[in-house]
Amino acid sequence: MLKVKGGDEFYLDLYYVKEHYLEEVVGKDGIVNKIPVTKARFLINPDEKYLNRENVEVVVHRRIRVQIMEVNRVGGRIVEPRFLIGLRFVEGNKSTPVFHIMVKNDEEFRERVTKELEYYLKVNAQAL
């Protein structure tokens with residue numbers, strides 16, 4: 001059963017981080033060298049323990065509000081019930097148009113919201 005209802009709101013902490021580390025590389029002559037490597041990525045609601053590591057640099061932190069506009073149950077007794085959820089992202093004074101996702105349970109809802117947020121960040125050039 002789904003726990004969200006129409007009118008609910010919750011927040012996602014979005015971090016853009018750079019992780020610095022040394023990577024071992026074997027040269028043509030067989031000598032092992034360590035070269036500095038930086039990996040950049042988006043994280044949604046990361047662990048504070050990870051963010052406080054000395055090799056992790058937080059570049060941007062944003063708090064994005066997710067507004068649930070409507071929740072409709074789809075399916076009957078024979079077919080497994082699904083939920084059609086209308087929601088939008090709000091960041092400051094900007095908001096996305098309402099879009100819909102179809103999910104079975106809370107776990108799938110969290111995964112789909114995360115994927116939609118990543119898509120929003122890729123499409124919206126002003127997100128970062």
# chains A, B, ... in the order shown; residues from 1 in each chain; ligands from 1

call {"tool": "residues_around", "arguments": {"residues": "Val58 (chain A)", "least_positions_apart": "2", "cutoff": "7 Å", "atoms": "only C-alpha atoms", "output": "CSV table (one decimal) with all heavy atoms, in the first residue's frame"}}
result
chain,number,residue,atom,x,y,z
A,15,TYR,N,23.0,16.9,-3.6
A,15,TYR,CA,24.4,17.3,-3.5
A,15,TYR,C,25.1,17.0,-4.8
A,15,TYR,O,24.9,15.9,-5.4
A,15,TYR,CB,25.1,16.5,-2.4
A,15,TYR,CG,24.8,17.0,-1.0
A,15,TYR,CD1,23.6,16.4,-0.4
A,15,TYR,CD2,25.5,17.9,-0.3
A,15,TYR,CE1,23.3,16.8,0.9
A,15,TYR,CE2,25.2,18.3,1.0
A,15,TYR,CZ,24.1,17.8,1.6
A,15,TYR,OH,23.7,18.1,2.8
A,16,TYR,N,26.0,17.9,-5.2
A,16,TYR,CA,26.9,17.7,-6.3
A,16,TYR,C,28.3,17.6,-5.7
A,16,TYR,O,28.7,18.6,-5.1
A,16,TYR,CB,26.8,18.8,-7.4
A,16,TYR,CG,27.7,18.6,-8.5
A,16,TYR,CD1,27.6,17.6,-9.4
A,16,TYR,CD2,28.8,19.5,-8.7
A,16,TYR,CE1,28.4,17.4,-10.5
A,16,TYR,CE2,29.7,19.3,-9.8
A,16,TYR,CZ,29.5,18.3,-10.7
A,16,TYR,OH,30.3,18.1,-11.7
A,17,VAL,N,28.9,16.5,-5.7
A,17,VAL,CA,30.2,16.3,-5.0
A,17,VAL,C,31.3,15.9,-5.9
A,17,VAL,O,31.0,15.3,-7.0
A,17,VAL,CB,30.0,15.2,-3.8
A,17,VAL,CG1,29.0,15.7,-2.8
A,17,VAL,CG2,29.7,13.9,-4.4
A,18,LYS,N,32.5,16.2,-5.5
A,18,LYS,CA,33.7,15.7,-6.2
A,18,LYS,C,34.5,14.8,-5.2
A,18,LYS,O,34.7,15.2,-4.1
A,18,LYS,CB,34.6,16.8,-6.7
A,18,LYS,CG,34.0,17.6,-7.8
A,18,LYS,CD,34.9,18.7,-8.3
A,18,LYS,CE,34.3,19.5,-9.4
A,18,LYS,NZ,35.2,20.5,-9.9
A,56,VAL,N,36.2,14.0,0.0
A,56,VAL,CA,35.0,14.4,-0.7
A,56,VAL,C,34.8,15.9,-0.5
A,56,VAL,O,34.8,16.5,0.6
A,56,VAL,CB,33.7,13.7,0.0
A,56,VAL,CG1,32.4,14.2,-0.6
A,56,VAL,CG2,33.9,12.2,-0.3
A,60,VAL,N,28.0,21.8,-4.6
A,60,VAL,CA,26.7,22.4,-4.5
A,60,VAL,C,25.7,21.6,-3.7
A,60,VAL,O,25.7,20.4,-3.7
A,60,VAL,CB,26.1,22.6,-5.9
A,60,VAL,CG1,24.7,23.2,-5.8
A,60,VAL,CG2,26.9,23.5,-6.8

call {"tool": "residues_around", "arguments": {"residues": "Thr96 (chain A)", "least_positions_apart": "2", "cutoff": "12 Å", "atoms": "only C-alpha atoms", "output": "VMD selection string"}}
result
chain A and resid 64 to 67 86 to 94 98 to 100 116 to 117 119 to 121 123 to 124 127

call {"tool": "closest_residue", "arguments": {"among": "A:Asp106, A:Glu118, A:Glu57, A:Asp47", "to": "Tyr21 (chain A)", "atoms": "only C-alpha atoms"}}
result
A:Glu57

call {"tool": "closest_residue", "arguments": {"among": "A:Val26, A:Val59, A:Leu43, A:Val71", "to": "Val4 (chain A)", "atoms": "only C-alpha atoms"}}
result
A:Val71

call {"tool": "select_by_dssp", "arguments": {"residues": "chain A", "states": "helix (DSSP H, G or I)", "output": "PyMOL selection string"}}
result
chain A and resi 48-51+106-123

call {"tool": "closest_residue", "arguments": {"among": "A:Tyr11, A:Met102, A:Gly30, A:Ile85", "to": "Met69 (chain A)", "atoms": "only C-alpha atoms"}}
result
A:Ile85

call {"tool": "select_by_dssp", "arguments": {"residues": "chain A", "states": "strand (DSSP E or B)", "output": "JSON, numbers by chain"}}
result
{"A": [9, 10, 11, 12, 13, 14, 15, 16, 17, 18, 19, 20, 21, 22, 23, 24, 25, 26, 32, 33, 34, 35, 36, 37, 38, 39, 40, 41, 42, 43, 44, 56, 57, 58, 59, 60, 61, 62, 63, 64, 65, 66, 67, 68, 69, 70, 71, 72, 73, 74, 82, 83, 84, 85, 86, 87, 88, 89, 90, 91, 94, 95, 99, 100, 101, 102, 103]}

call {"tool": "residues_around", "arguments": {"residues": "Val74 (chain A)", "least_positions_apart": "6", "cutoff": "8 Å", "atoms": "only C-alpha atoms", "output": "JSON, numbers by chain"}}
result
{"A": [81, 82, 83, 84]}

call {"tool": "closest_residue", "arguments": {"among": "A:Ile68, A:Ile31, A:Ala40, A:Val113", "to": "Gly7 (chain A)", "atoms": "only C-alpha atoms"}}
result
A:Ile68

call {"tool": "residues_around", "arguments": {"residues": "Pro36 (chain A)", "least_positions_apart": "6", "cutoff": "10 Å", "atoms": "only C-alpha atoms", "output": "list in words"}}
result
His20, Tyr21, Leu22, Glu23 and Glu24 of chain A

call {"tool": "atom_distance", "arguments": {"atom1": "CA of Arg63 (chain A)", "atom2": "CA of Glu111 (chain A)"}}
result
18.0 Å
